[in-house]
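*Asks:* What follows is protein_15.txt; its format and atoms are compact mmCIF, C-alpha atoms.
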# COMPACT_ATOMS: atom_id res chain seq x y z
CA MET A 269 -15.53 -2.01 11.09
CA ASP A 270 -14.23 -0.60 14.36
CA ILE A 271 -10.70 0.73 14.85
CA LYS A 272 -9.51 -2.34 16.80
CA LYS A 273 -10.56 -4.69 14.01
CA ASP A 274 -8.80 -2.30 11.61
CA VAL A 275 -5.64 -2.59 13.69
CA GLN A 276 -5.81 -6.40 13.69
CA GLN A 277 -6.42 -6.54 9.96
CA GLN A 278 -3.76 -3.99 9.07
CA PHE A 279 -1.01 -5.35 11.29
CA GLY A 280 -1.94 -8.97 10.68
CA LYS A 281 -0.91 -8.61 7.05
CA SER A 282 2.12 -6.38 7.82
CA ALA A 283 3.57 -8.26 10.80
CA GLU A 284 6.84 -9.41 9.22
CA LYS A 285 7.45 -5.96 7.69
CA TYR A 286 7.36 -4.44 11.17
CA VAL A 287 9.85 -6.98 12.49
CA SER A 288 12.29 -6.06 9.69
CA SER A 289 11.48 -2.31 9.59
CA THR A 290 14.68 -0.32 10.22
CA ILE A 291 12.85 2.56 11.91
CA HIS A 292 11.32 0.10 14.41
CA LYS A 293 14.37 -2.12 14.79
CA LYS A 294 17.20 0.40 15.11
CA GLY A 295 15.66 3.73 16.09
CA LYS A 296 17.62 5.95 18.50
CA ASP A 297 14.39 6.21 20.47
CA LEU A 298 14.69 2.56 21.58
CA GLN A 299 18.21 3.18 22.85
CA LYS A 300 16.93 6.23 24.75
CA MET A 301 14.19 4.13 26.40
CA LEU A 302 16.88 1.75 27.67
CA GLU A 303 19.00 4.67 28.91
CA ILE A 304 16.28 6.35 30.96
CA ALA A 305 14.94 3.15 32.53
CA VAL A 306 16.14 2.33 36.04
CA THR A 307 16.69 -1.43 36.37
CA ASN A 308 18.49 -3.82 38.70
CA GLY A 309 17.67 -7.09 36.93
CA GLU A 310 14.83 -8.10 39.25
CA GLU A 311 11.97 -6.23 37.58
CA THR A 312 8.87 -7.60 35.90
CA LEU A 313 8.17 -5.64 32.73
CA LEU A 314 5.02 -5.40 30.61
CA ASP A 315 5.48 -4.37 26.97
CA VAL A 316 2.13 -3.16 25.65
CA ALA A 317 1.40 -3.43 21.90
CA THR A 318 4.73 -5.16 21.39
CA GLY A 319 4.44 -5.14 17.59
CA GLY A 320 7.56 -6.71 16.11
CA GLY A 321 8.89 -7.37 19.63
CA HIS A 322 11.84 -4.97 19.41
CA THR A 323 11.21 -3.30 22.79
CA ALA A 324 10.61 -6.58 24.61
CA ASN A 325 13.75 -8.00 23.02
CA ALA A 326 15.85 -4.96 23.99
CA PHE A 327 14.75 -4.92 27.63
CA ALA A 328 14.82 -8.68 28.25
CA PRO A 329 18.54 -8.86 29.25
CA PHE A 330 18.07 -6.12 31.87
CA VAL A 331 15.01 -7.41 33.77
CA LYS A 332 13.83 -10.65 35.33
CA LYS A 333 10.81 -11.23 33.12
CA VAL A 334 9.03 -9.56 30.21
CA THR A 335 5.38 -10.03 29.30
CA ALA A 336 4.75 -8.92 25.72
CA VAL A 337 1.14 -8.25 24.72
CA ASP A 338 -0.47 -7.32 21.43
CA LEU A 339 -3.97 -7.19 20.00
CA THR A 340 -2.93 -8.99 16.81
CA GLU A 341 -2.18 -12.71 16.79
CA GLU A 342 0.07 -12.51 13.73
CA MET A 343 2.15 -9.79 15.39
CA LEU A 344 2.67 -11.92 18.49
CA THR A 345 3.73 -14.88 16.36
CA ALA A 346 6.21 -12.75 14.40
CA ALA A 347 7.53 -11.14 17.60
CA GLU A 348 7.99 -14.49 19.32
CA ARG A 349 9.85 -15.90 16.32
CA PHE A 350 12.14 -12.83 16.24
CA ILE A 351 12.86 -12.90 19.98
CA ARG A 352 13.40 -16.67 20.22
CA GLN A 353 15.81 -16.51 17.27
CA ASN A 354 17.87 -14.10 19.39
CA GLY A 355 18.12 -16.73 22.12
CA VAL A 356 15.94 -14.77 24.54
CA GLN A 357 13.88 -17.00 26.85
CA ASN A 358 12.47 -14.71 29.58
CA VAL A 359 9.63 -13.27 27.47
CA ASP A 360 6.02 -14.47 27.56
CA PHE A 361 3.51 -13.59 24.83
CA ILE A 362 -0.16 -12.86 25.51
CA LYS A 363 -2.90 -11.58 23.23
CA ALA A 364 -4.42 -8.55 24.97
CA ASP A 365 -6.04 -5.16 24.45
CA ALA A 366 -4.00 -2.15 25.64
CA GLU A 367 -7.18 -0.54 26.93
CA ASN A 368 -8.29 -3.60 28.94
CA LEU A 369 -5.23 -5.41 30.24
CA PRO A 370 -5.79 -8.91 31.71
CA PHE A 371 -3.53 -8.37 34.72
CA SER A 372 -4.09 -7.69 38.39
CA VAL A 373 -3.52 -4.44 40.25
CA GLU A 374 0.13 -3.48 40.89
CA GLU A 375 1.59 -6.48 39.04
CA PHE A 376 4.51 -4.86 37.16
CA ASP A 377 7.56 -2.76 38.01
CA ILE A 378 7.84 -1.30 34.49
CA VAL A 379 5.43 -0.79 31.60
CA THR A 380 6.77 0.06 28.15
CA CYS A 381 4.86 1.09 25.03
CA ARG A 382 6.61 2.10 21.82
CA ILE A 383 5.21 3.57 18.60
CA ALA A 384 1.70 2.27 19.27
CA PRO A 385 -0.66 4.60 21.21
CA HIS A 386 -1.57 6.54 18.06
CA HIS A 387 -3.61 3.42 17.17
CA PHE A 388 -5.57 3.39 20.44
CA PRO A 389 -9.13 4.75 20.15
CA ASN A 390 -9.34 5.46 23.88
CA VAL A 391 -5.91 6.52 25.04
CA ALA A 392 -7.30 7.59 28.44
CA SER A 393 -8.32 3.97 29.12
CA PHE A 394 -4.83 2.85 28.14
CA ILE A 395 -3.18 5.31 30.57
CA SER A 396 -5.61 4.28 33.31
CA GLU A 397 -4.77 0.61 32.74
CA VAL A 398 -1.02 1.27 32.80
CA TYR A 399 -1.44 3.10 36.11
CA ARG A 400 -3.53 0.25 37.51
CA VAL A 401 -1.09 -2.57 36.70
CA LEU A 402 2.02 -0.67 37.82
CA LYS A 403 3.35 -1.01 41.35
CA PRO A 404 3.69 2.22 43.40
CA ASN A 405 6.71 4.16 42.08
CA GLY A 406 6.64 1.92 39.00
CA GLN A 407 7.99 3.27 35.73
CA PHE A 408 6.03 3.95 32.56
CA LEU A 409 8.30 4.31 29.52
CA LEU A 410 6.36 5.80 26.62
CA ASP A 411 7.55 6.35 23.06
CA ASP A 412 5.24 7.56 20.33
CA ASN A 413 4.89 9.81 17.34
CA VAL A 414 3.51 13.24 18.24
CA VAL A 415 2.27 16.27 16.33
CA PRO A 416 3.33 19.91 16.66
CA GLU A 417 1.21 22.23 18.81
CA ASP A 418 -0.02 24.21 15.78
CA ASP A 419 -3.48 22.94 14.77
CA ASP A 420 -2.74 23.13 11.03
CA PHE A 421 0.33 20.93 11.45
CA ASP A 422 -1.64 18.59 13.71
CA GLN A 423 -4.37 18.22 11.09
CA PHE A 424 -1.91 17.67 8.23
CA TYR A 425 0.07 14.94 9.96
CA ASN A 426 -2.96 13.04 11.26
CA THR A 427 -4.65 13.31 7.84
CA ILE A 428 -1.74 11.80 5.91
CA GLU A 429 -1.26 9.07 8.52
CA LYS A 430 -4.94 8.12 8.39
CA LEU A 431 -4.89 8.07 4.59
CA ARG A 432 -1.85 5.81 4.62
CA ASP A 433 -3.06 3.60 7.47
CA TYR A 434 -6.78 3.31 8.23
CA SER A 435 -5.94 1.86 11.67
CA HIS A 436 -4.27 5.14 12.69
CA PHE A 437 -6.40 6.91 15.30
CA ARG A 438 -4.53 10.01 16.44
CA ALA A 439 -1.00 11.21 17.11
CA TRP A 440 -1.27 13.52 20.11
CA LYS A 441 0.42 16.82 20.87
CA LYS A 442 3.22 16.85 23.43
CA THR A 443 1.15 18.99 25.77
CA GLU A 444 -1.77 16.56 25.50
CA TRP A 445 0.44 13.67 26.64
CA ILE A 446 1.78 15.66 29.59
CA ARG A 447 -1.71 16.70 30.63
CA MET A 448 -3.21 13.20 30.33
CA LEU A 449 -0.40 11.50 32.24
CA GLU A 450 -0.41 14.02 35.07
CA GLN A 451 -4.21 13.88 35.31
CA TYR A 452 -3.97 10.12 35.94
CA GLY A 453 -1.43 10.53 38.70
CA PHE A 454 1.89 10.10 36.90
CA GLU A 455 4.90 12.33 37.44
CA ILE A 456 6.96 12.84 34.30
CA THR A 457 10.61 12.77 35.33
CA GLU A 458 12.31 12.90 31.93
CA TRP A 459 11.37 13.36 28.30
CA HIS A 460 13.15 13.65 24.97
CA ARG A 461 12.11 14.75 21.49
CA PHE A 462 13.25 12.86 18.40
CA GLU A 463 13.08 13.84 14.77
CA LYS A 464 12.09 10.98 12.46
CA THR A 465 12.71 11.01 8.74
CA PHE A 466 10.17 8.93 6.82
CA GLN A 467 11.19 7.72 3.36
CA PHE A 468 7.94 8.04 1.44
CA GLU A 469 8.17 4.80 -0.56
CA SER A 470 8.98 2.49 2.35
CA TRP A 471 6.51 4.38 4.59
CA CYS A 472 3.73 3.62 2.08
CA ASN A 473 4.89 0.09 1.27
CA ARG A 474 4.91 -0.96 4.92
CA MET A 475 1.11 -0.67 4.75
CA ASP A 476 0.81 -2.31 1.30
CA LEU A 477 -0.67 0.88 -0.09
CA SER A 478 -2.19 0.66 -3.56
CA GLU A 479 -0.84 2.90 -6.34
CA ILE A 480 -4.14 4.81 -6.30
CA ASP A 481 -3.87 5.57 -2.57
CA LYS A 482 -0.19 6.39 -2.94
CA GLY A 483 -1.16 8.84 -5.68
CA LYS A 484 -3.77 10.48 -3.43
CA LEU A 485 -1.22 10.85 -0.66
CA THR A 486 1.33 12.31 -3.08
CA GLN A 487 -1.18 14.89 -4.32
CA LEU A 488 -2.22 15.84 -0.79
CA ILE A 489 1.42 16.43 0.18
CA LEU A 490 2.27 18.26 -3.09
CA ASN A 491 -0.74 20.56 -2.58
CA SER A 492 0.06 21.36 1.06
CA THR A 493 0.98 24.91 2.04
CA GLN A 494 4.57 26.12 2.02
CA LYS A 495 4.30 26.48 5.79
CA VAL A 496 3.52 22.75 6.07
CA LYS A 497 6.25 21.79 3.58
CA ASP A 498 8.80 23.77 5.59
CA LYS A 499 7.70 22.42 8.96
CA PHE A 500 7.76 18.78 7.92
CA ARG A 501 10.96 19.20 5.83
CA ILE A 502 9.16 17.67 2.86
CA ILE A 503 11.55 16.78 0.02
CA ILE A 504 10.00 16.72 -3.45
CA GLU A 505 11.79 15.84 -6.68
CA LYS A 506 10.05 16.00 -10.07
CA ASP A 507 6.60 15.93 -8.44
CA GLU A 508 7.53 12.87 -6.41
CA VAL A 509 7.58 12.92 -2.63
CA ILE A 510 10.93 11.59 -1.43
CA SER A 511 10.71 12.05 2.33
CA PHE A 512 9.31 14.09 5.19
CA GLN A 513 10.11 14.56 8.84
CA GLY A 514 7.92 13.78 11.81
CA GLU A 515 8.66 13.79 15.51
CA ALA A 516 8.35 11.50 18.51
CA ILE A 517 8.74 11.78 22.24
CA VAL A 518 10.28 9.32 24.66
CA LEU A 519 9.42 9.84 28.31
CA ARG A 520 9.69 8.25 31.73
CA ALA A 521 6.77 8.71 34.13
CA ILE A 522 6.47 7.42 37.69
CA LYS A 523 3.28 6.17 39.33
CA LYS A 524 2.64 8.30 42.40
Go ahead and render the structure in this file as structure tokens.

*Replies:*
Amino acid sequence: MDIKKDVQQQFGKSAEKYVSSTIHKKGKDLQKMLEIAVTNGEETLLDVATGGGHTANAFAPFVKKVTAVDLTEEMLTAAERFIRQNGVQNVDFIKADAENLPFSVEEFDIVTCRIAPHHFPNVASFISEVYRVLKPNGQFLLDDNVVPEDDDFDQFYNTIEKLRDYSHFRAWKKTEWIRMLEQYGFEITEWHRFEKTFQFESWCNRMDLSEIDKGKLTQLILNSTQKVKDKFRIIIEKDEVISFQGEAIVLRAIKK
């Protein structure tokens, strides 16, 4: 099964959990995306991999029109229900692949993508597509989990994420994002780092993890080096993992 089918299967069964997930619904990162965006109310905005629809919902009052796309039908249905319940009417919903967007050249003023690119098997195609559909001087607002620059930390984080969620592809390093975006012609004008505390139980349950897989994850974390435990602020009580800390970046890049 390829990664995109994995994504559809995994998020199809977890759609409603992502709509109600506190970390997705109320994260400070979403507020920061709104703060760094430059809007006058006339923009067309594309929200790629909309998930539970939180980003599309947050931006809708500040722009003329939002187009929310996702690879997973169930996610789009859940997002539309959530957004319509909030009385928001200027959002359209389209099933689409982030790496092959069904839009014409220079169609949007703003593209947003939040907590999703770590699922994309070809992130370079995604960046290329964002660049293509943006108007000149258009804004790309990116928010995603990242890994530290140290290779051991990189490997640990991506390993536990993949074990928890088979549709996870890769969380990238901060320097990798900067390099990729600049190589495709973007200028990064602002970026912020966020610490994210993951409560182990809810983090596992959001993916409907079996007790066996949860046990494997627990053992992997318990057996990690002290250096890893310190870096990820892992809290363990009576051989149970309580929480750990990851990080994300929010950035604004301009198409030049």

*Asks:* So that I can check the surroundings of range 500-503 of chain A, please list as an NGL selection string every protein, DNA and RNA residue that reaches within 8 Å of it, counting all atoms listed in the file and ignoring chain neighbours fewer than 4 positions away.

*Replies:* :A and (496 or 509-514)

*Asks:* Quote the spacing between CA of Glu348 in chain A and CA of Lys363 in chain A in Å to one decimal place.

*Replies:*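 Between CA of Glu348 in chain A and CA of Lys363 in chain A the gap works out to 11.9 Å.
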
*Asks:* Produce a table with one row for each residue of range 389-427 of chain A that has an atom at most 8 Å from any atom of range 447-469 of chain A, each row naming the nearest atom pair and its distance in Å at one decimal; use only C-alpha atoms; arrange rows by chain and rising residue number; format as JSON lines.

*Replies:*
{"residue": "A:Ala392", "atom": "CA", "partner": "A:Met448", "partner_atom": "CA", "distance": 7.2}
{"residue": "A:Ile395", "atom": "CA", "partner": "A:Leu449", "partner_atom": "CA", "distance": 7.0}
{"residue": "A:Ser396", "atom": "CA", "partner": "A:Tyr452", "partner_atom": "CA", "distance": 6.6}
{"residue": "A:Tyr399", "atom": "CA", "partner": "A:Tyr452", "partner_atom": "CA", "distance": 7.5}

*Asks:* Go through A:Gly483, A:Asp476, A:Val359, A:Leu313 one by one, measure the shortest atom-to-atom distance of each to Glu375 in chain A using all atoms listed in the file, and give the residue with the smallest value.

*Replies:*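 Using all atoms listed in the file, the shortest distance to Glu375 in chain A belongs to A:Leu313.
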
*Asks:* Which residue out of A:Thr318, A:Ser372, A:Thr443, A:Gln423 has the minimum interatomic distance to Asp338 in chain A when only C-alpha atoms are used?

*Replies:*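 Looking at the shortest contact to Asp338 in chain A, the residue is A:Thr318.
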
*Asks:* Could you give me, as an mmCIF file with C-alpha atoms, in the frame of the given file, the residues within 12 Å of Gly321 in chain A, counting all atoms listed in the file and dropping anything in the same chain fewer than 4 positions from it?

*Replies:*
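Contents of selection_39.cif, as written:
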data_model
loop_
_atom_site.group_PDB
_atom_site.id
_atom_site.type_symbol
_atom_site.label_atom_id
_atom_site.label_comp_id
_atom_site.auth_asym_id
_atom_site.auth_seq_id
_atom_site.Cartn_x
_atom_site.Cartn_y
_atom_site.Cartn_z
ATOM 1 C CA ALA A 283 3.570 -8.260 10.800
ATOM 2 C CA GLU A 284 6.840 -9.410 9.220
ATOM 3 C CA TYR A 286 7.360 -4.440 11.170
ATOM 4 C CA VAL A 287 9.850 -6.980 12.490
ATOM 5 C CA SER A 288 12.290 -6.060 9.690
ATOM 6 C CA SER A 289 11.480 -2.310 9.590
ATOM 7 C CA HIS A 292 11.320 0.100 14.410
ATOM 8 C CA LYS A 293 14.370 -2.120 14.790
ATOM 9 C CA LEU A 298 14.690 2.560 21.580
ATOM 10 C CA LEU A 314 5.020 -5.400 30.610
ATOM 11 C CA ASP A 315 5.480 -4.370 26.970
ATOM 12 C CA VAL A 316 2.130 -3.160 25.650
ATOM 13 C CA ALA A 317 1.400 -3.430 21.900
ATOM 14 C CA ASN A 325 13.750 -8.000 23.020
ATOM 15 C CA ALA A 326 15.850 -4.960 23.990
ATOM 16 C CA PHE A 327 14.750 -4.920 27.630
ATOM 17 C CA ALA A 328 14.820 -8.680 28.250
ATOM 18 C CA VAL A 334 9.030 -9.560 30.210
ATOM 19 C CA THR A 335 5.380 -10.030 29.300
ATOM 20 C CA ALA A 336 4.750 -8.920 25.720
ATOM 21 C CA VAL A 337 1.140 -8.250 24.720
ATOM 22 C CA ASP A 338 -0.470 -7.320 21.430
ATOM 23 C CA GLU A 342 0.070 -12.510 13.730
ATOM 24 C CA MET A 343 2.150 -9.790 15.390
ATOM 25 C CA LEU A 344 2.670 -11.920 18.490
ATOM 26 C CA THR A 345 3.730 -14.880 16.360
ATOM 27 C CA ALA A 346 6.210 -12.750 14.400
ATOM 28 C CA ALA A 347 7.530 -11.140 17.600
ATOM 29 C CA GLU A 348 7.990 -14.490 19.320
ATOM 30 C CA ARG A 349 9.850 -15.900 16.320
ATOM 31 C CA PHE A 350 12.140 -12.830 16.240
ATOM 32 C CA ILE A 351 12.860 -12.900 19.980
ATOM 33 C CA ARG A 352 13.400 -16.670 20.220
ATOM 34 C CA GLN A 353 15.810 -16.510 17.270
ATOM 35 C CA ASN A 354 17.870 -14.100 19.390
ATOM 36 C CA VAL A 356 15.940 -14.770 24.540
ATOM 37 C CA VAL A 359 9.630 -13.270 27.470
ATOM 38 C CA ASP A 360 6.020 -14.470 27.560
ATOM 39 C CA PHE A 361 3.510 -13.590 24.830
ATOM 40 C CA THR A 380 6.770 0.060 28.150
ATOM 41 C CA CYS A 381 4.860 1.090 25.030
ATOM 42 C CA ARG A 382 6.610 2.100 21.820
ATOM 43 C CA ILE A 383 5.210 3.570 18.600
#

*Asks:* Kindly compute an axis-aligned box around the listed atoms of range 365-382 of chain A, allowing 3 Å on each side, and express its centre and edge lengths in Å to one decimal as lines of an AutoDock Vina configuration file.

*Replies:*
center_x = -0.2
center_y = -3.4
center_z = 31.4
size_x = 22.1
size_y = 17.0
size_z = 25.1

*Asks:* For Lys430 in chain A, please output as a list in words all residues within 12 Å (counting all atoms listed in the file; exclusion window: fewer than 5 positions along the same chain).

*Replies:* Ile271, Asp274, Val275, His386, His387, Gln423, Phe424, Tyr425, Ser435, His436, Phe437, Arg438, Ala439, Cys472, Met475, Leu477, Asp481 and Leu485 of chain A

*Asks:* A:Gln357, A:Ser478, A:Asn426, A:Thr486: which is nearest Lys332 in chain A, counting only C-alpha atoms?

*Replies:*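 Of the candidates, the smallest distance to Lys332 in chain A is held by A:Gln357.
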
*Asks:* Pick from A:Arg520, A:His322, A:Lys499, A:Lys333: nearest to Asp418 in chain A, with all atoms listed in the file counted?

*Replies:* A:Lys499

*Asks:* Considering only C-alpha atoms, return as a VMD selection string whatever protein or nucleic-acid residues lie within 8 Å of Leu488 in chain A, sequence-local ones (same chain, fewer than 4 positions apart) excluded.

*Replies:* chain A and resid 428 484 492

*Asks:* Would you work out the distance separating CA of Lys442 in chain A from CA of Gln407 in chain A, expressed in Å to one decimal?

*Replies:* 18.9 Å

*Asks:* Quick one: pull the distance between CA of Ala521 in chain A and CA of Thr312 in chain A, Å, one decimal.

*Replies:* 16.5 Å

*Asks:* Excluding Val373 in chain A and residues on its chain fewer than 4 positions from it, collect all residues at most 9 Å away from it, counting all atoms listed in the file, and give them as a list in words.

*Replies:*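 Near Val373 in chain A, the qualifying residues are Tyr399, Arg400, Val401, Leu402 and Lys403 of chain A.
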
*Asks:* Nearest to Ile522 in chain A: which of A:Trp445, A:Phe388, A:Phe376, A:Phe408 is it, counting only C-alpha atoms?

*Replies:*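 Using only C-alpha atoms, Ile522 in chain A sits closest to A:Phe408.
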
*Asks:* So, with only C-alpha atoms as the atoms that count, which of A:Leu369, A:Leu409, A:Val415, A:Ile362 lies closest to Ala305 in chain A?

*Replies:*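 Nearest to Ala305 in chain A: A:Leu409.
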